[in-house]
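> What follows is input05.csv, made up of CSV, N, CA and C atoms:
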chain,number,residue,atom,x,y,z
A,4,MET,N,16.0,108.0,109.8
A,4,MET,CA,16.4,109.4,109.7
A,4,MET,C,15.4,110.1,108.8
A,5,TRP,N,15.0,109.5,107.7
A,5,TRP,CA,14.1,110.1,106.8
A,5,TRP,C,12.7,110.5,107.4
A,6,TRP,N,12.3,109.6,108.3
A,6,TRP,CA,11.1,109.9,109.0
A,6,TRP,C,11.1,111.2,109.9
A,7,LEU,N,12.3,111.4,110.5
A,7,LEU,CA,12.4,112.6,111.3
A,7,LEU,C,12.5,113.8,110.5
A,8,ILE,N,13.2,113.7,109.3
A,8,ILE,CA,13.2,114.8,108.4
A,8,ILE,C,11.8,115.1,107.9
A,9,ALA,N,11.0,114.1,107.6
A,9,ALA,CA,9.6,114.3,107.2
A,9,ALA,C,8.8,114.9,108.3
A,10,ALA,N,9.0,114.5,109.6
A,10,ALA,CA,8.3,115.1,110.7
A,10,ALA,C,8.6,116.6,110.8
A,11,VAL,N,9.9,117.0,110.7
A,11,VAL,CA,10.2,118.4,110.7
A,11,VAL,C,9.6,119.1,109.5
A,12,GLY,N,9.7,118.5,108.4
A,12,GLY,CA,9.1,119.1,107.2
A,12,GLY,C,7.6,119.3,107.3
A,13,LEU,N,6.9,118.4,108.0
A,13,LEU,CA,5.5,118.5,108.2
A,13,LEU,C,5.2,119.5,109.3
A,14,GLY,N,6.1,119.7,110.2
A,14,GLY,CA,6.0,120.7,111.3
A,14,GLY,C,6.0,122.1,110.9
A,15,ILE,N,6.8,122.4,109.8
A,15,ILE,CA,6.9,123.7,109.3
A,15,ILE,C,5.6,124.3,108.8
A,16,PRO,N,4.8,123.5,107.9
A,16,PRO,CA,3.5,124.1,107.5
A,16,PRO,C,2.5,124.2,108.7
A,17,LEU,N,2.7,123.4,109.7
A,17,LEU,CA,1.9,123.4,110.9
A,17,LEU,C,2.0,124.8,111.6
A,18,VAL,N,3.3,125.2,111.7
A,18,VAL,CA,3.5,126.5,112.3
A,18,VAL,C,3.1,127.7,111.4
A,19,VAL,N,3.4,127.6,110.1
A,19,VAL,CA,3.1,128.7,109.2
A,19,VAL,C,1.6,128.8,109.0
A,20,THR,N,0.9,127.7,108.8
A,20,THR,CA,-0.5,127.8,108.4
A,20,THR,C,-1.5,127.6,109.5
A,21,ALA,N,-1.0,127.1,110.7
A,21,ALA,CA,-1.8,126.8,111.8
A,21,ALA,C,-2.9,125.7,111.5
A,22,MET,N,-2.5,124.8,110.6
A,22,MET,CA,-3.4,123.7,110.3
A,22,MET,C,-3.0,122.5,111.1
A,23,PRO,N,-3.8,122.1,112.1
A,23,PRO,CA,-3.4,121.0,112.9
A,23,PRO,C,-3.2,119.6,112.2
A,24,GLU,N,-3.7,119.5,111.1
A,24,GLU,CA,-3.6,118.2,110.3
A,24,GLU,C,-2.1,117.9,110.1
A,25,PHE,N,-1.3,119.0,109.8
A,25,PHE,CA,0.1,118.8,109.5
A,25,PHE,C,0.8,118.3,110.8
A,26,GLY,N,0.4,118.7,111.9
A,26,GLY,CA,0.9,118.2,113.2
A,26,GLY,C,0.6,116.7,113.4
A,27,MET,N,-0.6,116.3,113.0
A,27,MET,CA,-1.0,114.9,113.1
A,27,MET,C,-0.1,114.1,112.2
A,28,PHE,N,0.1,114.5,111.0
A,28,PHE,CA,1.0,113.8,110.1
A,28,PHE,C,2.4,113.8,110.6
A,29,ALA,N,2.9,114.9,111.2
A,29,ALA,CA,4.2,114.9,111.8
A,29,ALA,C,4.3,113.8,112.9
A,30,VAL,N,3.3,113.7,113.7
A,30,VAL,CA,3.3,112.7,114.8
A,30,VAL,C,3.3,111.3,114.2
A,31,GLY,N,2.6,111.1,113.0
A,31,GLY,CA,2.7,109.8,112.3
A,31,GLY,C,4.1,109.5,111.8
A,32,ALA,N,4.7,110.6,111.3
A,32,ALA,CA,6.1,110.4,110.9
A,32,ALA,C,7.1,110.0,112.0
A,33,VAL,N,6.9,110.6,113.2
A,33,VAL,CA,7.7,110.2,114.3
A,33,VAL,C,7.4,108.7,114.7
A,34,ALA,N,6.1,108.3,114.6
A,34,ALA,CA,5.8,106.9,114.9
A,34,ALA,C,6.5,106.0,113.8
A,35,GLY,N,6.5,106.5,112.6
A,35,GLY,CA,7.3,105.7,111.6
A,35,GLY,C,8.7,105.6,111.9
A,36,ALA,N,9.3,106.7,112.4
A,36,ALA,CA,10.7,106.7,112.8
A,36,ALA,C,10.9,105.7,114.0
A,37,VAL,N,10.0,105.7,114.9
A,37,VAL,CA,10.1,104.7,116.1
A,37,VAL,C,10.1,103.3,115.5
A,38,THR,N,9.2,103.1,114.6
A,38,THR,CA,9.1,101.7,114.0
A,38,THR,C,10.4,101.3,113.3
A,39,ALA,N,11.0,102.3,112.6
A,39,ALA,CA,12.3,102.0,111.9
A,39,ALA,C,13.4,101.8,113.0
A,40,ALA,N,13.4,102.5,114.1
A,40,ALA,CA,14.4,102.3,115.1
A,40,ALA,C,14.2,101.0,115.8
A,41,LEU,N,13.0,100.4,115.8
A,41,LEU,CA,12.8,99.1,116.4
A,41,LEU,C,13.1,98.0,115.4
A,42,GLY,N,13.5,98.3,114.2
A,42,GLY,CA,13.9,97.3,113.2
A,42,GLY,C,12.8,96.9,112.3
A,43,GLY,N,11.7,97.7,112.2
A,43,GLY,CA,10.6,97.4,111.3
A,43,GLY,C,11.0,97.7,109.9
A,44,GLY,N,10.5,97.0,108.9
A,44,GLY,CA,10.8,97.2,107.5
A,44,GLY,C,10.1,98.4,107.0
A,45,THR,N,10.2,98.6,105.7
A,45,THR,CA,9.6,99.7,105.0
A,45,THR,C,8.1,99.7,105.1
A,46,VAL,N,7.5,98.5,104.8
A,46,VAL,CA,6.1,98.4,104.8
A,46,VAL,C,5.5,98.6,106.2
A,47,PRO,N,6.0,98.0,107.2
A,47,PRO,CA,5.5,98.3,108.6
A,47,PRO,C,5.6,99.8,108.9
A,48,GLN,N,6.7,100.5,108.5
A,48,GLN,CA,6.9,101.9,108.8
A,48,GLN,C,5.8,102.7,108.2
A,49,ILE,N,5.5,102.4,106.9
A,49,ILE,CA,4.5,103.2,106.2
A,49,ILE,C,3.1,102.9,106.8
A,50,LEU,N,2.8,101.6,107.1
A,50,LEU,CA,1.6,101.3,107.7
A,50,LEU,C,1.4,102.0,109.1
A,51,VAL,N,2.4,102.0,109.9
A,51,VAL,CA,2.3,102.7,111.2
A,51,VAL,C,2.1,104.2,111.0
A,52,PHE,N,2.9,104.8,110.0
A,52,PHE,CA,2.7,106.2,109.7
A,52,PHE,C,1.2,106.5,109.3
A,53,ALA,N,0.7,105.7,108.4
A,53,ALA,CA,-0.7,105.9,107.9
A,53,ALA,C,-1.7,105.7,109.1
A,54,ALA,N,-1.5,104.6,109.8
A,54,ALA,CA,-2.5,104.3,110.9
A,54,ALA,C,-2.5,105.4,112.0
A,55,VAL,N,-1.3,105.8,112.4
A,55,VAL,CA,-1.3,106.9,113.4
A,55,VAL,C,-1.8,108.2,112.9
A,56,SER,N,-1.5,108.6,111.7
A,56,SER,CA,-2.0,109.8,111.1
A,56,SER,C,-3.5,109.8,111.0
A,57,VAL,N,-4.0,108.7,110.4
A,57,VAL,CA,-5.5,108.6,110.2
A,57,VAL,C,-6.2,108.5,111.6
A,58,ALA,N,-5.6,107.8,112.5
A,58,ALA,CA,-6.3,107.7,113.8
A,58,ALA,C,-6.3,109.1,114.5
A,59,LEU,N,-5.2,109.8,114.4
A,59,LEU,CA,-5.2,111.2,115.0
A,59,LEU,C,-6.3,112.1,114.4
A,60,ILE,N,-6.3,112.1,113.1
A,60,ILE,CA,-7.3,112.9,112.3
A,60,ILE,C,-8.7,112.5,112.7
A,61,ALA,N,-8.9,111.2,112.7
A,61,ALA,CA,-10.3,110.7,113.0
A,61,ALA,C,-10.7,111.0,114.5
A,62,VAL,N,-9.8,111.0,115.4
A,62,VAL,CA,-10.2,111.2,116.8
A,62,VAL,C,-10.1,112.7,117.2
A,63,VAL,N,-9.0,113.3,116.9
A,63,VAL,CA,-8.7,114.7,117.4
A,63,VAL,C,-9.5,115.8,116.6
A,64,ARG,N,-9.7,115.6,115.3
A,64,ARG,CA,-10.3,116.6,114.5
A,64,ARG,C,-11.8,116.9,115.0
A,65,PRO,N,-12.6,115.8,115.2
A,65,PRO,CA,-14.0,116.1,115.6
A,65,PRO,C,-14.1,116.7,117.0
A,66,ILE,N,-13.1,116.4,117.9
A,66,ILE,CA,-13.1,117.0,119.2
A,66,ILE,C,-12.8,118.5,119.1
A,67,ALA,N,-11.8,118.8,118.2
A,67,ALA,CA,-11.4,120.2,118.0
A,67,ALA,C,-12.5,121.0,117.4
A,68,ASN,N,-13.2,120.4,116.4
A,68,ASN,CA,-14.4,121.1,115.8
A,68,ASN,C,-15.5,121.3,116.8
A,69,ARG,N,-15.7,120.4,117.7
A,69,ARG,CA,-16.8,120.5,118.7
A,69,ARG,C,-16.4,121.7,119.6
A,70,HIS,N,-15.2,121.8,120.0
A,70,HIS,CA,-14.7,122.9,120.9
A,70,HIS,C,-14.8,124.2,120.2
A,71,ARG,N,-14.4,124.2,119.0
A,71,ARG,CA,-14.4,125.5,118.2
A,71,ARG,C,-15.8,126.0,118.0
A,72,SER,N,-16.8,125.1,117.9
A,72,SER,CA,-18.2,125.6,117.6
A,72,SER,C,-18.9,126.0,118.9
A,73,GLN,N,-18.4,125.7,120.1
A,73,GLN,CA,-19.1,126.1,121.3
A,73,GLN,C,-18.9,127.6,121.5
A,74,SER,N,-20.0,128.2,122.0
A,74,SER,CA,-19.9,129.6,122.3
A,74,SER,C,-19.0,129.8,123.6
A,75,PRO,N,-18.4,130.9,123.8
A,75,PRO,CA,-17.6,131.1,125.0
A,75,PRO,C,-18.5,131.1,126.2
A,76,ARG,N,-18.0,130.5,127.3
A,76,ARG,CA,-18.8,130.4,128.5
A,76,ARG,C,-18.7,131.7,129.4
A,77,LEU,N,-17.8,132.6,129.1
A,77,LEU,CA,-17.6,133.8,129.9
A,77,LEU,C,-18.5,134.9,129.3
A,78,ALA,N,-19.5,135.2,130.1
A,78,ALA,CA,-20.4,136.3,129.7
A,78,ALA,C,-19.9,137.6,130.2
A,79,SER,N,-20.0,138.7,129.4
A,79,SER,CA,-19.6,140.0,129.9
A,79,SER,C,-20.6,141.0,129.5
A,80,GLY,N,-20.5,142.2,130.1
A,80,GLY,CA,-21.4,143.3,129.8
A,80,GLY,C,-22.8,143.0,130.4
A,81,VAL,N,-23.8,143.4,129.7
A,81,VAL,CA,-25.2,143.1,130.1
A,81,VAL,C,-25.5,141.6,130.1
A,82,ASP,N,-24.9,140.9,129.3
A,82,ASP,CA,-25.1,139.4,129.2
A,82,ASP,C,-24.7,138.8,130.6
A,83,ALA,N,-23.8,139.3,131.3
A,83,ALA,CA,-23.4,138.8,132.6
A,83,ALA,C,-24.4,139.1,133.6
A,84,LEU,N,-25.3,140.0,133.4
A,84,LEU,CA,-26.3,140.4,134.4
A,84,LEU,C,-27.6,139.5,134.3
A,85,LYS,N,-27.8,138.9,133.1
A,85,LYS,CA,-29.0,138.1,133.0
A,85,LYS,C,-28.9,136.9,133.9
A,86,GLY,N,-30.0,136.6,134.6
A,86,GLY,CA,-30.1,135.5,135.5
A,86,GLY,C,-29.6,135.8,136.9
A,87,ARG,N,-29.1,137.0,137.1
A,87,ARG,CA,-28.7,137.3,138.5
A,87,ARG,C,-29.8,137.8,139.3
A,88,THR,N,-29.6,137.7,140.6
A,88,THR,CA,-30.6,138.1,141.6
A,88,THR,C,-30.4,139.6,142.0
A,89,ALA,N,-31.4,140.4,142.1
A,89,ALA,CA,-31.3,141.8,142.5
A,89,ALA,C,-32.3,142.0,143.6
A,90,THR,N,-32.1,143.2,144.3
A,90,THR,CA,-33.0,143.6,145.4
A,90,THR,C,-33.8,144.8,145.0
A,91,VAL,N,-35.1,144.8,145.2
A,91,VAL,CA,-35.9,145.9,144.8
A,91,VAL,C,-35.7,147.0,145.8
A,92,VAL,N,-35.4,148.2,145.3
A,92,VAL,CA,-35.2,149.4,146.2
A,92,VAL,C,-36.3,150.4,146.1
A,93,GLU,N,-37.0,150.4,145.0
A,93,GLU,CA,-38.1,151.3,144.8
A,93,GLU,C,-39.2,150.4,144.1
A,94,ARG,N,-40.4,150.6,144.6
A,94,ARG,CA,-41.5,149.7,144.1
A,94,ARG,C,-41.6,149.6,142.6
A,95,ILE,N,-41.7,148.4,142.1
A,95,ILE,CA,-41.9,148.1,140.7
A,95,ILE,C,-43.4,147.8,140.5
A,96,ASP,N,-44.1,148.6,139.7
A,96,ASP,CA,-45.5,148.3,139.4
A,96,ASP,C,-45.7,148.5,137.9
A,97,ALA,N,-46.9,148.2,137.5
A,97,ALA,CA,-47.2,148.2,136.1
A,97,ALA,C,-47.1,149.6,135.4
A,98,GLY,N,-47.3,150.6,136.1
A,98,GLY,CA,-47.3,151.9,135.5
A,98,GLY,C,-46.0,152.5,135.3
A,99,ALA,N,-45.2,152.8,136.4
A,99,ALA,CA,-44.0,153.6,136.3
A,99,ALA,C,-42.8,152.7,136.4
A,100,GLY,N,-42.9,151.5,136.7
A,100,GLY,CA,-41.6,150.7,136.9
A,100,GLY,C,-41.1,151.0,138.2
A,101,GLY,N,-39.8,150.8,138.4
A,101,GLY,CA,-39.2,151.0,139.7
A,101,GLY,C,-37.7,150.9,139.6
A,102,ARG,N,-37.0,150.6,140.7
A,102,ARG,CA,-35.6,150.5,140.8
A,102,ARG,C,-35.1,149.3,141.5
A,103,ILE,N,-34.0,148.7,141.1
A,103,ILE,CA,-33.4,147.6,141.8
A,103,ILE,C,-31.9,147.8,142.0
A,104,LYS,N,-31.4,147.1,142.9
A,104,LYS,CA,-29.9,147.1,143.1
A,104,LYS,C,-29.4,145.8,142.5
A,105,LEU,N,-28.6,146.0,141.5
A,105,LEU,CA,-28.1,144.8,140.7
A,105,LEU,C,-26.6,145.0,140.6
A,106,ALA,N,-25.9,144.0,141.1
A,106,ALA,CA,-24.4,144.0,141.0
A,106,ALA,C,-23.8,145.3,141.6
A,107,GLY,N,-24.4,145.8,142.7
A,107,GLY,CA,-23.9,147.0,143.4
A,107,GLY,C,-24.3,148.3,142.8
A,108,GLU,N,-25.1,148.3,141.7
A,108,GLU,CA,-25.6,149.5,141.0
A,108,GLU,C,-27.1,149.6,141.1
A,109,ILE,N,-27.6,150.8,141.0
A,109,ILE,CA,-29.0,151.0,140.9
A,109,ILE,C,-29.5,151.0,139.5
A,110,TRP,N,-30.4,150.2,139.1
A,110,TRP,CA,-30.9,150.1,137.8
A,110,TRP,C,-32.4,150.4,137.8
A,111,SER,N,-32.9,151.0,136.7
A,111,SER,CA,-34.4,151.1,136.5
A,111,SER,C,-34.8,149.7,136.1
A,112,ALA,N,-36.1,149.4,136.5
A,112,ALA,CA,-36.6,148.0,136.3
A,112,ALA,C,-38.0,148.1,136.0
A,113,ARG,N,-38.5,147.0,135.3
A,113,ARG,CA,-39.9,146.8,135.1
A,113,ARG,C,-40.2,145.3,135.1
A,114,ALA,N,-41.4,145.0,135.5
A,114,ALA,CA,-41.8,143.6,135.6
A,114,ALA,C,-42.0,142.9,134.3
A,115,LEU,N,-41.6,141.7,134.1
A,115,LEU,CA,-41.9,141.0,132.9
A,115,LEU,C,-43.4,140.8,132.7
A,116,GLU,N,-44.1,140.4,133.8
A,116,GLU,CA,-45.5,140.3,133.7
A,116,GLU,C,-46.1,141.7,134.1
A,117,SER,N,-47.0,142.2,133.2
A,117,SER,CA,-47.5,143.6,133.4
A,117,SER,C,-48.3,143.8,134.7
A,118,GLY,N,-48.9,142.7,135.3
A,118,GLY,CA,-49.7,142.9,136.5
A,118,GLY,C,-49.0,142.7,137.8
A,119,ARG,N,-47.7,142.3,137.7
A,119,ARG,CA,-47.0,142.1,138.9
A,119,ARG,C,-46.5,143.3,139.6
A,120,ILE,N,-46.4,143.3,140.9
A,120,ILE,CA,-45.9,144.4,141.7
A,120,ILE,C,-44.9,143.8,142.7
A,121,TYR,N,-43.7,144.5,142.8
A,121,TYR,CA,-42.7,144.1,143.7
A,121,TYR,C,-42.4,145.2,144.6
A,122,GLU,N,-42.3,144.8,145.9
A,122,GLU,CA,-42.1,145.8,147.0
A,122,GLU,C,-40.6,145.9,147.3
A,123,PRO,N,-40.2,147.1,147.9
A,123,PRO,CA,-38.8,147.2,148.3
A,123,PRO,C,-38.4,146.1,149.3
A,124,GLY,N,-37.2,145.6,149.1
A,124,GLY,CA,-36.7,144.5,149.9
A,124,GLY,C,-36.8,143.1,149.3
A,125,GLN,N,-37.7,143.0,148.3
A,125,GLN,CA,-38.0,141.7,147.7
A,125,GLN,C,-36.8,141.4,146.8
A,126,GLU,N,-36.5,140.1,146.6
A,126,GLU,CA,-35.5,139.6,145.7
A,126,GLU,C,-36.2,139.3,144.4
A,127,VAL,N,-35.6,139.7,143.3
A,127,VAL,CA,-36.1,139.4,142.0
A,127,VAL,C,-35.0,138.9,141.1
A,128,ASP,N,-35.4,138.2,140.0
A,128,ASP,CA,-34.4,137.7,139.1
A,128,ASP,C,-34.4,138.5,137.8
A,129,VAL,N,-33.3,138.8,137.3
A,129,VAL,CA,-33.2,139.6,136.0
A,129,VAL,C,-33.3,138.6,134.9
A,130,VAL,N,-34.3,138.9,134.0
A,130,VAL,CA,-34.6,138.0,132.9
A,130,VAL,C,-33.8,138.6,131.7
A,131,GLU,N,-33.8,139.9,131.5
A,131,GLU,CA,-33.1,140.5,130.4
A,131,GLU,C,-32.8,141.9,130.7
A,132,ILE,N,-31.9,142.5,129.9
A,132,ILE,CA,-31.7,144.0,130.0
A,132,ILE,C,-32.2,144.6,128.7
A,133,ASP,N,-33.1,145.5,128.8
A,133,ASP,CA,-33.7,146.2,127.7
A,133,ASP,C,-33.2,147.7,127.7
A,134,GLY,N,-32.2,148.0,127.0
A,134,GLY,CA,-31.6,149.3,127.1
A,134,GLY,C,-30.9,149.5,128.4
A,135,ALA,N,-31.5,150.5,129.2
A,135,ALA,CA,-30.9,150.7,130.6
A,135,ALA,C,-31.9,150.2,131.6
A,136,THR,N,-32.9,149.4,131.2
A,136,THR,CA,-33.9,148.9,132.1
A,136,THR,C,-33.8,147.4,132.3
A,137,ALA,N,-33.8,146.9,133.5
A,137,ALA,CA,-33.7,145.5,133.8
A,137,ALA,C,-35.2,145.0,133.8
A,138,VAL,N,-35.4,143.9,133.1
A,138,VAL,CA,-36.7,143.2,133.1
A,138,VAL,C,-36.6,142.1,134.1
A,139,VAL,N,-37.5,142.1,135.1
A,139,VAL,CA,-37.4,141.2,136.3
A,139,VAL,C,-38.6,140.3,136.4
A,140,ILE,N,-38.4,139.2,137.1
A,140,ILE,CA,-39.5,138.3,137.6
A,140,ILE,C,-39.3,138.0,139.1
What does this structure look like when you write it as structure tokens?


Amino acid sequence: MWWLIAAVGLGIPLVVTAMPEFGMFAVGAVAGAVTAALGGGTVPQILVFAAVSVALIAVVRPIANRHRSQSPRLASGVDALKGRTATVVERIDAGAGGRIKLAGEIWSARALESGRIYEPGQEVDVVEIDGATAVVI
């Protein structure tokens, strides 16, 4: 019974502080309660509590940190346009630039390489967005 009270007691700071370590200790306390219910003595209960808590912290915490440090995979705004394919609608040359149809909209565009010329109808890839101009290859 004391293990279940400890599990609830450890669950409260988990909810209040959002620190997942408290949840891992609470699971360890539940494991200690299961050991007690199966007839284990005090020493095995404490060992199971410690082993389960440490194992969860050692395994789950690095996985959570790795997921937390990853950048979001969903790109939005101009970042979502990088790498997309567009169609040239007005000649893109070194002097004046041109226009492309990108994501259903007409954008001004310039070539990444200054000597390249793209004719209407050609497919180009957007490398970056510089202000309101798409840089293409």

> I need the residue nearest A:Asp82 from this list: A:Leu13, A:Ala67, A:Ala39, A:Ile132. Use all atoms listed in the file for the distance.

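Of A:Leu13, A:Ala67, A:Ala39, A:Ile132, the one nearest A:Asp82, counting all atoms listed in the file, is A:Ile132.
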
> Just the residues within 5 Å of A:Ala89, please, counting only N, CA and C atoms, with nothing from its chain fewer than 6 positions along; format it as a PyMOL selection string.

chain A and resi 104-105+126-127

> Where in stretch 49-134 of chain A does DSSP assign strand (DSSP E or B), given as an NGL selection string?

:A and (88-96 or 100-105 or 108-114 or 121 or 126-133)

> Report, in Å to a single decimal, how far apart atom N of A:Val139 and atom N of A:Ala114 are.

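Atom-to-atom, atom N of A:Ala114 to atom N of A:Val139, that is 4.9 Å.
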
> Using only C-alpha atoms, which residue out of A:Glu122, A:Glu24, A:Glu108, A:Glu131 lies closest to A:Ile95?

A:Glu122

> In terms of the shortest atom-to-atom distance over only C-alpha atoms, which of A:Ile49, A:Ala97, A:Ala135, A:Ala21 is closest to A:Arg113?

A:Ala97

> Could you check how far atom CA of A:Ala106 sits from atom CA of A:Gly124, in Å to one decimal?

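Separation of atom CA of A:Ala106 and atom CA of A:Gly124: 15.2 Å.
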
> Name the residues of stretch 15-129 of chain A that come out as helix (DSSP H, G or I) in a backbone DSSP run; write them as a PyMOL selection string.

chain A and resi 15-20+23-40+45-72+80-83

> What would stretch 94-103 of chain A look like with all heavy atoms in place, written as a compact mmCIF listing (two decimals), in the coordinates of the input?


# COMPACT_ATOMS: atom_id res chain seq x y z
N ARG A 94 -40.40 150.60 144.60
CA ARG A 94 -41.50 149.70 144.10
C ARG A 94 -41.60 149.60 142.60
O ARG A 94 -41.54 150.61 141.91
CB ARG A 94 -42.85 150.28 144.68
CG ARG A 94 -44.03 149.43 144.36
CD ARG A 94 -45.27 150.01 145.01
NE ARG A 94 -46.35 149.06 144.90
CZ ARG A 94 -47.60 149.39 144.71
NH1 ARG A 94 -47.94 150.65 144.65
NH2 ARG A 94 -48.51 148.47 144.63
N ILE A 95 -41.70 148.40 142.10
CA ILE A 95 -41.90 148.10 140.70
C ILE A 95 -43.40 147.80 140.50
O ILE A 95 -43.89 146.80 141.05
CB ILE A 95 -41.02 146.93 140.25
CG1 ILE A 95 -39.54 147.23 140.53
CG2 ILE A 95 -41.25 146.64 138.78
CD1 ILE A 95 -38.62 146.05 140.29
N ASP A 96 -44.10 148.60 139.70
CA ASP A 96 -45.50 148.30 139.40
C ASP A 96 -45.70 148.50 137.90
O ASP A 96 -44.78 148.79 137.14
CB ASP A 96 -46.39 149.24 140.20
CG ASP A 96 -46.12 150.71 139.99
OD1 ASP A 96 -45.55 151.07 138.94
OD2 ASP A 96 -46.47 151.51 140.87
N ALA A 97 -46.90 148.20 137.50
CA ALA A 97 -47.20 148.20 136.10
C ALA A 97 -47.10 149.60 135.40
O ALA A 97 -46.71 149.65 134.25
CB ALA A 97 -48.65 147.67 135.87
N GLY A 98 -47.30 150.60 136.10
CA GLY A 98 -47.30 151.90 135.50
C GLY A 98 -46.00 152.50 135.30
O GLY A 98 -45.51 152.76 134.22
N ALA A 99 -45.20 152.80 136.40
CA ALA A 99 -44.00 153.60 136.30
C ALA A 99 -42.80 152.70 136.40
O ALA A 99 -41.67 153.27 136.22
CB ALA A 99 -44.01 154.60 137.46
N GLY A 100 -42.90 151.50 136.70
CA GLY A 100 -41.60 150.70 136.90
C GLY A 100 -41.10 151.00 138.20
O GLY A 100 -41.78 151.43 139.13
N GLY A 101 -39.80 150.80 138.40
CA GLY A 101 -39.20 151.00 139.70
C GLY A 101 -37.70 150.90 139.60
O GLY A 101 -37.11 151.06 138.52
N ARG A 102 -37.00 150.60 140.70
CA ARG A 102 -35.60 150.50 140.80
C ARG A 102 -35.10 149.30 141.50
O ARG A 102 -35.79 148.90 142.51
CB ARG A 102 -34.97 151.78 141.39
CG ARG A 102 -35.36 153.05 140.67
CD ARG A 102 -34.19 154.01 140.61
NE ARG A 102 -34.56 155.24 139.93
CZ ARG A 102 -34.43 155.42 138.63
NH1 ARG A 102 -33.97 154.47 137.88
NH2 ARG A 102 -34.77 156.57 138.06
N ILE A 103 -34.00 148.70 141.10
CA ILE A 103 -33.40 147.60 141.80
C ILE A 103 -31.90 147.80 142.00
O ILE A 103 -31.33 148.68 141.33
CB ILE A 103 -33.59 146.27 140.95
CG1 ILE A 103 -32.92 146.41 139.57
CG2 ILE A 103 -35.05 145.89 140.83
CD1 ILE A 103 -32.85 145.12 138.79
